[in-house]
>>> print(open('upload.txt').read())   # compact mmCIF, C-alpha atoms
# COMPACT_ATOMS: atom_id res chain seq x y z
CA MET A 38 -6.07 -20.00 -10.34
CA ARG A 39 -2.77 -19.91 -12.19
CA TRP A 40 -1.32 -22.83 -14.07
CA LYS A 41 1.43 -23.79 -16.42
CA PHE A 42 0.76 -26.77 -18.64
CA VAL A 43 3.38 -28.62 -20.66
CA ALA A 44 1.41 -28.85 -23.88
CA SER A 45 3.69 -31.04 -25.98
CA LEU A 46 7.15 -32.55 -25.94
CA LEU A 47 8.95 -33.10 -29.21
CA LEU A 48 12.15 -35.15 -29.03
CA LEU A 49 14.71 -34.58 -31.76
CA THR A 50 18.19 -36.02 -32.10
CA THR A 51 19.83 -33.07 -30.36
CA THR A 52 17.00 -30.72 -29.25
CA VAL A 53 14.08 -30.90 -26.83
CA SER A 54 11.24 -28.48 -27.60
CA ALA A 55 8.37 -27.96 -25.15
CA GLN A 56 5.20 -26.02 -25.86
CA ILE A 57 3.98 -24.52 -22.57
CA VAL A 58 0.56 -23.01 -21.90
CA ASP A 59 1.06 -20.22 -19.37
CA THR A 60 -1.65 -18.40 -17.36
CA ASP A 61 0.66 -16.82 -14.78
CA PHE A 62 -0.23 -13.20 -15.62
CA GLU A 63 -3.09 -10.74 -15.09
CA GLY A 64 -6.39 -11.59 -16.75
CA ALA A 65 -5.26 -15.00 -18.01
CA ALA A 66 -7.86 -17.76 -17.99
CA VAL A 67 -8.21 -21.28 -19.34
CA GLY A 68 -9.95 -24.36 -18.01
CA VAL A 69 -7.81 -27.30 -19.06
CA ALA A 70 -5.09 -27.42 -21.70
CA ARG A 71 -3.45 -30.61 -22.82
CA SER A 72 -1.62 -32.07 -25.78
CA GLN A 73 -2.25 -35.29 -27.61
CA ALA A 74 0.31 -37.70 -28.95
CA GLY A 75 1.30 -37.86 -32.57
CA GLY A 76 1.32 -34.12 -33.28
CA LYS A 77 -2.42 -33.73 -32.73
CA PRO A 78 -3.86 -30.30 -31.81
CA LEU A 79 -3.39 -28.62 -28.45
CA ARG A 80 -6.79 -29.01 -26.81
CA PHE A 81 -8.21 -26.55 -24.26
CA THR A 82 -11.48 -25.61 -22.57
CA PRO A 83 -12.62 -22.05 -21.77
CA ILE A 84 -13.49 -20.54 -18.40
CA ALA A 85 -17.19 -19.81 -17.78
CA ASN A 86 -18.28 -16.76 -15.75
CA ASP A 87 -21.94 -15.68 -15.62
CA GLY A 88 -22.65 -17.49 -18.87
CA ASN A 89 -19.68 -15.86 -20.59
CA GLU A 90 -17.12 -18.37 -21.83
CA HIS A 91 -13.67 -17.00 -22.57
CA TRP A 92 -9.99 -17.84 -22.65
CA TYR A 93 -6.73 -15.91 -22.62
CA PHE A 94 -3.34 -17.59 -22.31
CA ARG A 95 0.23 -17.55 -23.53
CA ILE A 96 1.95 -20.33 -25.45
CA THR A 97 5.74 -20.50 -25.37
CA GLY A 98 8.27 -22.93 -26.80
CA LEU A 99 6.92 -22.58 -30.33
CA THR A 100 8.87 -23.05 -33.53
CA PRO A 101 8.40 -20.01 -35.79
CA HIS A 102 6.48 -20.75 -39.00
CA GLN A 103 5.64 -24.27 -37.87
CA PRO A 104 1.81 -24.56 -37.93
CA LEU A 105 0.05 -24.67 -34.56
CA THR A 106 -3.44 -26.16 -34.21
CA LEU A 107 -5.73 -25.60 -31.23
CA THR A 108 -9.16 -27.10 -30.54
CA THR A 109 -11.93 -26.34 -28.05
CA PRO A 110 -15.48 -27.67 -27.57
CA VAL A 111 -18.04 -25.66 -29.54
CA THR A 112 -20.72 -23.68 -27.68
CA GLU A 113 -22.99 -20.83 -28.76
CA ASN A 114 -20.33 -18.38 -27.53
CA THR A 115 -17.36 -19.89 -29.38
CA PRO A 116 -16.02 -17.33 -31.89
CA THR A 117 -15.49 -18.40 -35.48
CA ARG A 118 -12.29 -16.36 -35.39
CA ALA A 119 -10.27 -16.13 -32.18
CA SER A 120 -7.75 -13.38 -31.39
CA VAL A 121 -3.97 -13.74 -31.43
CA SER A 122 -1.10 -11.41 -30.55
CA PHE A 123 2.48 -11.96 -31.67
CA ASP A 124 3.90 -8.89 -29.87
CA ALA A 125 3.04 -9.49 -26.19
CA GLY A 126 -0.40 -7.90 -26.45
CA GLN A 127 0.59 -4.62 -28.10
CA SER A 128 -1.66 -5.44 -31.05
CA TRP A 129 -4.23 -8.10 -31.82
CA GLU A 130 -5.47 -9.73 -35.00
CA LEU A 131 -8.07 -12.32 -35.86
CA THR A 132 -7.20 -15.88 -36.74
CA SER A 133 -8.42 -17.36 -39.98
CA PRO A 134 -11.94 -18.83 -39.63
CA GLY A 135 -11.97 -21.97 -37.53
CA HIS A 136 -13.50 -25.25 -38.62
CA ILE A 137 -15.98 -27.35 -36.65
CA ILE A 138 -15.00 -31.01 -36.58
CA ASN A 139 -16.85 -33.54 -34.40
CA GLY A 140 -18.18 -30.86 -32.05
CA ASP A 141 -14.84 -29.05 -31.69
CA MET A 142 -13.75 -25.69 -33.09
CA THR A 143 -10.28 -25.98 -34.63
CA TYR A 144 -8.03 -22.95 -35.10
CA ALA A 145 -4.85 -22.91 -37.20
CA ILE A 146 -2.10 -20.39 -36.41
CA GLN A 147 1.27 -19.75 -38.03
CA PRO A 148 3.59 -18.64 -35.18
CA ARG A 149 5.97 -15.81 -36.05
CA GLN A 150 8.21 -16.30 -33.04
CA ALA A 151 8.66 -18.58 -30.04
CA SER A 152 5.62 -17.31 -28.12
CA LEU A 153 2.16 -15.83 -28.68
CA LEU A 154 -0.98 -14.81 -26.79
CA PHE A 155 -4.26 -16.51 -27.67
CA ALA A 156 -7.69 -15.22 -26.57
CA SER A 157 -11.37 -15.53 -27.35
CA GLN A 158 -11.36 -11.74 -27.90
CA PRO A 159 -8.78 -8.99 -27.22
CA PRO A 160 -8.50 -8.69 -23.43
CA LEU A 161 -8.67 -5.50 -21.41
CA THR A 162 -7.36 -5.87 -17.87
CA LEU A 163 -7.72 -3.40 -15.01
CA SER A 164 -4.04 -2.42 -15.16
CA MET A 165 -4.32 -1.88 -18.92
CA VAL A 166 -7.26 0.49 -18.38
CA GLU A 167 -5.40 2.35 -15.64
CA GLY A 168 -2.34 2.72 -17.86
CA ILE A 169 -4.40 4.22 -20.68
CA MET A 170 -6.16 6.60 -18.28
CA GLU A 171 -2.87 7.73 -16.72
CA GLN A 172 -1.46 8.46 -20.16
CA LEU A 173 -4.51 10.60 -21.02
CA ALA A 174 -4.23 12.58 -17.78
CA LYS A 175 -0.52 13.18 -18.21
CA ASN A 176 0.26 16.78 -19.19
CA ASN A 177 -3.45 17.66 -19.48
CA ARG A 178 -4.62 20.04 -16.78
CA GLY A 179 -8.27 19.42 -17.57
CA ILE A 180 -8.16 15.73 -16.64
CA GLU A 181 -7.74 14.13 -13.24
CA ILE A 182 -7.90 10.54 -12.06
CA ASN A 183 -9.84 9.55 -8.95
CA ARG A 184 -10.85 6.14 -7.65
CA VAL A 185 -14.19 4.78 -6.47
CA GLY A 186 -15.09 1.65 -4.57
CA PRO A 187 -13.92 -0.01 -1.36
CA PRO A 188 -10.26 -0.93 -0.76
CA LYS A 189 -9.05 -3.86 -2.90
CA PHE A 190 -11.95 -3.30 -5.32
CA GLU A 191 -11.32 0.26 -6.46
CA VAL A 192 -11.71 1.25 -10.11
CA PRO A 193 -10.54 4.43 -11.86
CA LEU A 194 -12.81 7.43 -12.35
CA LEU A 195 -11.63 9.94 -14.93
CA ARG A 196 -12.85 13.54 -14.49
CA PHE A 197 -12.78 15.97 -17.42
CA CYS A 198 -13.36 19.61 -16.46
CA GLU A 199 -11.46 22.80 -17.30
CA GLY A 200 -14.14 25.38 -16.61
CA ASP A 201 -15.86 26.82 -13.55
CA ARG A 202 -19.34 25.64 -14.51
CA VAL A 203 -19.03 22.32 -12.73
CA GLU A 204 -22.60 22.32 -11.47
CA ALA A 205 -24.14 23.49 -14.74
CA ARG A 206 -23.77 20.24 -16.64
CA ARG A 207 -22.67 16.88 -15.33
CA ILE A 208 -22.28 13.95 -17.71
CA GLY A 209 -21.61 10.45 -16.45
CA VAL A 210 -20.32 7.57 -18.57
CA ILE A 211 -20.52 4.24 -16.75
CA ILE A 212 -19.77 0.67 -17.74
CA ARG A 213 -22.32 -1.75 -16.40
CA GLY A 214 -21.08 -4.67 -14.34
CA ASP A 215 -19.97 -7.34 -16.76
CA ARG A 216 -16.67 -9.02 -17.58
CA LYS A 217 -16.74 -8.38 -21.32
CA PRO A 218 -14.29 -5.73 -22.59
CA VAL A 219 -16.16 -4.37 -25.63
CA ALA A 220 -18.06 -1.65 -23.74
CA SER A 221 -14.86 -0.61 -21.94
CA TRP A 222 -13.09 -0.12 -25.28
CA SER A 223 -15.91 2.28 -26.24
CA ALA A 224 -15.48 4.18 -22.96
CA ILE A 225 -11.76 4.46 -23.69
CA GLY A 226 -12.49 5.80 -27.18
CA LEU A 227 -14.86 8.35 -25.64
CA SER A 228 -12.16 9.39 -23.15
CA GLN A 229 -9.51 9.69 -25.85
CA TRP A 230 -11.77 12.00 -27.86
CA LEU A 231 -12.52 14.11 -24.76
CA ALA A 232 -8.78 14.50 -24.12
CA SER A 233 -8.08 15.53 -27.70
CA ALA A 234 -7.45 18.99 -29.15
CA SER A 235 -10.71 18.93 -31.13
CA PRO A 236 -12.47 22.30 -30.66
CA ASP A 237 -15.66 20.48 -29.67
CA ALA A 238 -13.78 18.39 -27.08
CA VAL A 239 -12.15 21.53 -25.65
CA TRP A 240 -15.56 23.24 -25.46
CA LEU A 241 -17.06 20.27 -23.62
CA ARG A 242 -14.21 20.19 -21.08
CA GLN A 243 -14.68 23.92 -20.47
CA ASN A 244 -18.46 23.85 -20.17
CA ALA A 245 -19.27 20.58 -18.44
CA GLU A 246 -17.99 18.09 -15.91
CA VAL A 247 -17.65 14.65 -17.49
CA LEU A 248 -17.11 11.63 -15.25
CA VAL A 249 -16.00 8.38 -16.90
CA ILE A 250 -15.84 5.03 -15.13
CA PRO A 251 -14.38 2.84 -17.89
CA THR A 252 -14.45 -0.56 -16.22
CA MET A 253 -15.78 -2.60 -13.34
CA HIS A 254 -13.52 -4.54 -11.00
CA PRO A 255 -12.99 -7.93 -12.70
CA ALA A 256 -13.24 -9.92 -9.47
CA ARG A 257 -16.32 -8.19 -8.04
CA PRO A 258 -18.18 -6.07 -10.62
CA GLU A 259 -21.25 -5.94 -8.39
CA VAL A 260 -19.19 -4.16 -5.71
CA SER A 261 -18.13 -1.54 -8.25
CA MET A 262 -21.72 -0.95 -9.33
CA HIS A 263 -22.82 -0.46 -5.74
CA ALA A 264 -20.03 2.05 -5.13
CA ILE A 265 -21.01 4.26 -8.07
CA SER A 266 -24.75 4.22 -7.38
CA ALA A 267 -24.45 7.61 -5.64
CA ILE A 268 -22.87 9.10 -8.76
CA LYS A 269 -25.72 7.81 -10.90
CA ALA A 270 -28.28 9.18 -8.46
CA SER A 271 -26.72 12.65 -8.46
CA ILE A 272 -26.73 12.79 -12.24
CA LEU A 273 -30.36 11.71 -12.58
CA GLN A 274 -31.85 13.73 -9.73
CA GLU A 275 -30.03 17.04 -9.42
CA ASP A 276 -30.55 18.93 -12.65
CA ARG A 277 -32.35 18.51 -15.93
CA HIS A 278 -29.19 19.35 -17.90
CA HIS A 279 -27.34 16.27 -16.68
CA LEU A 280 -26.90 13.11 -18.76
CA LEU A 281 -26.05 9.52 -17.83
CA ILE A 282 -24.66 7.19 -20.50
CA GLU A 283 -24.43 3.49 -19.68
CA LEU A 284 -22.53 1.09 -21.91
CA SER A 285 -22.84 -2.67 -21.63
CA GLN A 286 -22.24 -5.84 -23.60
CA ALA A 287 -25.45 -7.81 -23.31
CA SER A 288 -24.15 -10.84 -25.22
CA PRO A 289 -21.05 -11.94 -27.12
CA THR A 290 -22.34 -9.97 -30.12
CA ALA A 291 -24.52 -7.14 -28.76
CA THR A 292 -23.27 -3.88 -27.27
CA ASN A 293 -25.92 -1.60 -25.75
CA ILE A 294 -25.88 2.18 -25.32
CA HIS A 295 -28.48 3.68 -22.97
CA ILE A 296 -28.85 7.41 -22.25
CA GLN A 297 -30.85 8.83 -19.36
CA SER A 298 -31.51 12.31 -18.01
CA PRO A 299 -33.70 13.83 -15.27
CA GLU A 300 -36.04 14.77 -18.11
CA GLN A 301 -38.21 11.99 -19.47
CA ASN A 302 -36.28 11.89 -22.74
CA PRO A 303 -32.90 13.32 -23.74
CA HIS A 304 -32.86 16.14 -26.27
CA PRO A 305 -34.34 14.93 -29.60
CA TYR A 306 -31.42 16.54 -31.46
CA LEU A 307 -29.02 14.31 -29.50
CA HIS A 308 -31.09 11.27 -30.42
CA ASN A 309 -31.01 12.06 -34.15
CA LEU A 310 -27.36 13.12 -34.18
CA LEU A 311 -26.14 10.08 -32.25
CA THR A 312 -28.12 7.71 -34.45
CA HIS A 313 -26.50 9.28 -37.52
CA SER A 314 -23.01 9.33 -35.97
CA LEU A 315 -23.14 5.69 -34.87
CA SER A 316 -24.45 4.60 -38.27
CA SER A 317 -21.46 6.26 -39.94
CA VAL A 318 -19.18 3.96 -37.91
CA ILE A 319 -21.12 0.70 -38.02
CA PRO A 320 -24.73 -0.42 -38.66
CA VAL A 321 -26.87 -0.02 -35.53
CA GLN A 322 -30.45 -0.68 -34.57
CA GLN A 323 -32.74 1.03 -32.10
CA SER A 324 -33.56 -0.89 -28.96
CA PRO A 325 -36.99 -2.53 -29.19
CA ILE A 326 -37.58 -1.52 -25.56
CA ASP A 327 -37.03 2.24 -25.81
CA LYS A 328 -36.22 3.70 -29.22
CA SER A 329 -35.80 7.23 -27.86
CA THR A 330 -32.92 6.51 -25.48
CA SER A 331 -31.30 3.19 -26.41
CA TRP A 332 -29.21 1.86 -29.24
CA GLN A 333 -27.92 -1.65 -29.86
CA ILE A 334 -24.79 -2.46 -31.84
CA ASP A 335 -24.90 -6.09 -32.82
CA ILE A 336 -21.55 -7.25 -34.14
CA PRO A 337 -19.22 -10.00 -32.93
CA TRP A 338 -15.47 -9.68 -32.53
CA ASN A 339 -14.98 -12.27 -35.24
CA HIS A 340 -16.60 -9.97 -37.84
CA ALA A 341 -14.13 -7.96 -39.94
CA ALA A 342 -15.47 -4.71 -38.43
CA GLY A 343 -15.49 -5.99 -34.85
CA THR A 344 -12.17 -4.47 -33.82
CA ILE A 345 -10.81 -2.39 -30.96
CA SER A 346 -10.62 0.59 -33.32
CA THR A 347 -14.30 0.29 -34.24
CA TYR A 348 -15.47 0.32 -30.63
CA GLN A 349 -13.20 3.26 -29.82
CA LYS A 350 -14.81 5.15 -32.72
CA ILE A 351 -18.23 4.36 -31.26
CA GLY A 352 -17.17 5.99 -27.98
CA ALA A 353 -15.82 9.03 -29.82
CA ALA A 354 -19.11 9.35 -31.74
CA ILE A 355 -21.04 9.40 -28.45
CA ALA A 356 -18.85 12.14 -26.95
CA GLU A 357 -18.88 14.29 -30.08
CA SER A 358 -22.67 14.01 -30.41
CA ILE A 359 -23.12 15.19 -26.82
CA ALA A 360 -20.75 18.14 -27.34
CA LEU A 361 -22.54 19.26 -30.51
CA THR A 362 -25.94 18.93 -28.82
CA LEU A 363 -24.95 21.02 -25.80
CA GLN A 364 -23.54 23.78 -28.01
CA ARG A 365 -26.89 24.36 -29.71
>>> encode(input="upload.txt", output="structure tokens")
Amino acid sequence: MRWKFVASLLLLTTTVSAQIVDTDFEGAAVGVARSQAGGKPLRFTPIANDGNEHWYFRITGLTPHQPLTLTTPVTENTPTRASVSFDAGQSWELTSPGHIINGDMTYAIQPRQASLLFASQPPLTLSMVEGIMEQLAKNNRGIEINRVGPPKFEVPLLRFCEGDRVEARRIGVIIRGDRKPVASWSAIGLSQWLASASPDAVWLRQNAEVLVIPTMHPARPEVSMHAISAIKASILQEDRHHLLIELSQASPTATNIHIQSPEQNPHPYLHNLLTHSLSSVIPVQQSPIDKSTSWQIDIPWNHAAGTISTYQKIGAAIAESIALTLQR
């Protein structure tokens, strides 16, 4: 549902200034937003989906450099630092740490211009993903974009392959069905590395077919997962050289990496190399369930290292580790 809320009305002798909370754009979400008299903070509530509470909205009518305060009820998923963009979403930065007062988290922002975007964590919409994928495929003969899923719920599938050994090695990278963007940022980082001029990336494109599904449909992720089940089955059943990498965000702080192959365990060299590569980016821990095939990265967005760049580096580390393993 899309709304526009008049958040505050400040009457001056000659000027009327209105702060407006706007959700009339893709991916925007907020429960209720309202102002309080006497210059008190703009108060809002997040949207809850499958236990994941989040918000993403635009505020216009701001006075540059005049402090803006926002409050929201505290839950276990409320970030200490929220995310803010002053350039229409081109870049994101963390707010200063919020303060808990009477059960509310309070954020203070210094607007740089008349509008800003405010989110629980940097958003990644379907059109944003498609735009990034189209840019990667542009002028690169080894990359093509396909789509999977039923009409109205299609998602992009990026295929990397320059060689004629399509059936020799097939590698699938799939985002599990959740609405959190962290895993998708890692899939994008993996795709960006695969499209690069790195000799190892070129070798992988020439000696394997890599299929990347970087996101689920935001409205019906379960439909997307059903549509790609055949791809997963072909990777796990056809040939022992195939690999399936699944990325998911199990909680607001934990990102999981799980690797499967038709063999019982992936190559031990891949296990050791990937563990080392991931640890060079950010501290990781082995999954308590299966230490031979799963890794867990436990870091929230509000940590200094929890940035888009970090998760893209994680994806690149996965792709590079696979390329080096297959070249042995």
>>> atom_distance(input="upload.txt", atom1="atom CA of A:His254", atom2="atom CA of A:Lys269")
17.4 Å
>>> atom_distance(input="upload.txt", atom1="atom CA of A:Glu283", atom2="atom CA of A:Ile211")
4.9 Å
>>> closest_residue(input="upload.txt", among="A:Ala238, A:Ile282, A:Ala232, A:Cys198", to="A:Gln172", atoms="all atoms listed in the file")
A:Ala232
>>> closest_residue(input="upload.txt", among="A:Leu131, A:Val260, A:Leu310, A:Leu153", to="A:Pro188", atoms="only C-alpha atoms")
A:Val260
>>> residues_around(input="upload.txt", residues="stretch 60-66 of chain A", least_positions_apart="3", cutoff="10 Å", atoms="all atoms listed in the file", output="ChimeraX atom specification")
/A:38-42,57,69,82-85,91-96,154-156,160-165,255
>>> atom_distance(input="upload.txt", atom1="atom CA of A:Arg184", atom2="atom CA of A:Leu311")
29.2 Å
>>> residues_near_point(input="upload.txt", point="(-8.4, -32.4, -25.2)", cutoff="9 Å", atoms="all atoms listed in the file", output="count of residues only")
13
>>> build_atoms(input="upload.txt", residues="stretch 252-280 of chain A", atoms="N, CA and C atoms", output="CSV table (one decimal), in the frame of the given file")
chain,number,residue,atom,x,y,z
A,252,THR,N,-14.4,0.9,-16.4
A,252,THR,CA,-14.4,-0.6,-16.2
A,252,THR,C,-15.0,-0.9,-14.8
A,253,MET,N,-15.4,-2.1,-14.7
A,253,MET,CA,-15.8,-2.6,-13.3
A,253,MET,C,-14.6,-3.4,-12.8
A,254,HIS,N,-14.6,-3.7,-11.5
A,254,HIS,CA,-13.5,-4.5,-11.0
A,254,HIS,C,-13.8,-6.0,-11.5
A,255,PRO,N,-12.8,-6.6,-12.1
A,255,PRO,CA,-13.0,-7.9,-12.7
A,255,PRO,C,-13.4,-9.0,-11.7
A,256,ALA,N,-12.9,-8.9,-10.5
A,256,ALA,CA,-13.2,-9.9,-9.5
A,256,ALA,C,-14.6,-9.7,-8.9
A,257,ARG,N,-15.0,-8.5,-8.7
A,257,ARG,CA,-16.3,-8.2,-8.0
A,257,ARG,C,-17.0,-7.0,-8.7
A,258,PRO,N,-17.5,-7.2,-9.9
A,258,PRO,CA,-18.2,-6.1,-10.6
A,258,PRO,C,-19.4,-5.5,-9.9
A,259,GLU,N,-20.1,-6.4,-9.1
A,259,GLU,CA,-21.2,-5.9,-8.4
A,259,GLU,C,-20.9,-5.0,-7.3
A,260,VAL,N,-19.7,-5.1,-6.7
A,260,VAL,CA,-19.2,-4.2,-5.7
A,260,VAL,C,-18.9,-2.8,-6.3
A,261,SER,N,-18.4,-2.8,-7.5
A,261,SER,CA,-18.1,-1.5,-8.2
A,261,SER,C,-19.4,-0.8,-8.6
A,262,MET,N,-20.4,-1.6,-9.0
A,262,MET,CA,-21.7,-1.0,-9.3
A,262,MET,C,-22.4,-0.3,-8.1
A,263,HIS,N,-22.3,-1.0,-7.0
A,263,HIS,CA,-22.8,-0.5,-5.7
A,263,HIS,C,-22.1,0.8,-5.3
A,264,ALA,N,-20.8,0.9,-5.5
A,264,ALA,CA,-20.0,2.0,-5.1
A,264,ALA,C,-20.4,3.3,-6.0
A,265,ILE,N,-20.7,3.1,-7.2
A,265,ILE,CA,-21.0,4.3,-8.1
A,265,ILE,C,-22.5,4.6,-8.1
A,266,SER,N,-23.3,3.9,-7.3
A,266,SER,CA,-24.8,4.2,-7.4
A,266,SER,C,-25.0,5.7,-7.0
A,267,ALA,N,-24.2,6.2,-6.1
A,267,ALA,CA,-24.4,7.6,-5.6
A,267,ALA,C,-24.2,8.6,-6.8
A,268,ILE,N,-23.2,8.3,-7.6
A,268,ILE,CA,-22.9,9.1,-8.8
A,268,ILE,C,-24.0,9.1,-9.7
A,269,LYS,N,-24.6,7.9,-10.0
A,269,LYS,CA,-25.7,7.8,-10.9
A,269,LYS,C,-26.9,8.6,-10.4
A,270,ALA,N,-27.1,8.5,-9.1
A,270,ALA,CA,-28.3,9.2,-8.5
A,270,ALA,C,-28.1,10.7,-8.6
A,271,SER,N,-26.9,11.2,-8.4
A,271,SER,CA,-26.7,12.6,-8.5
A,271,SER,C,-26.9,13.2,-9.9
A,272,ILE,N,-26.6,12.4,-10.9
A,272,ILE,CA,-26.7,12.8,-12.2
A,272,ILE,C,-28.2,12.8,-12.6
A,273,LEU,N,-29.0,11.8,-12.2
A,273,LEU,CA,-30.4,11.7,-12.6
A,273,LEU,C,-31.3,12.5,-11.8
A,274,GLN,N,-30.9,13.0,-10.6
A,274,GLN,CA,-31.8,13.7,-9.7
A,274,GLN,C,-31.6,15.2,-9.6
A,275,GLU,N,-30.4,15.7,-9.8
A,275,GLU,CA,-30.0,17.0,-9.4
A,275,GLU,C,-30.5,18.1,-10.4
A,276,ASP,N,-30.3,17.9,-11.7
A,276,ASP,CA,-30.6,18.9,-12.6
A,276,ASP,C,-30.9,18.4,-14.0
A,277,ARG,N,-31.9,19.0,-14.7
A,277,ARG,CA,-32.4,18.5,-15.9
A,277,ARG,C,-31.3,18.6,-17.1
A,278,HIS,N,-30.2,19.3,-16.9
A,278,HIS,CA,-29.2,19.4,-17.9
A,278,HIS,C,-28.2,18.2,-17.8
A,279,HIS,N,-28.3,17.4,-16.8
A,279,HIS,CA,-27.3,16.3,-16.7
A,279,HIS,C,-27.7,15.1,-17.6
A,280,LEU,N,-26.7,14.3,-17.9
A,280,LEU,CA,-26.9,13.1,-18.8
A,280,LEU,C,-26.1,11.9,-18.2
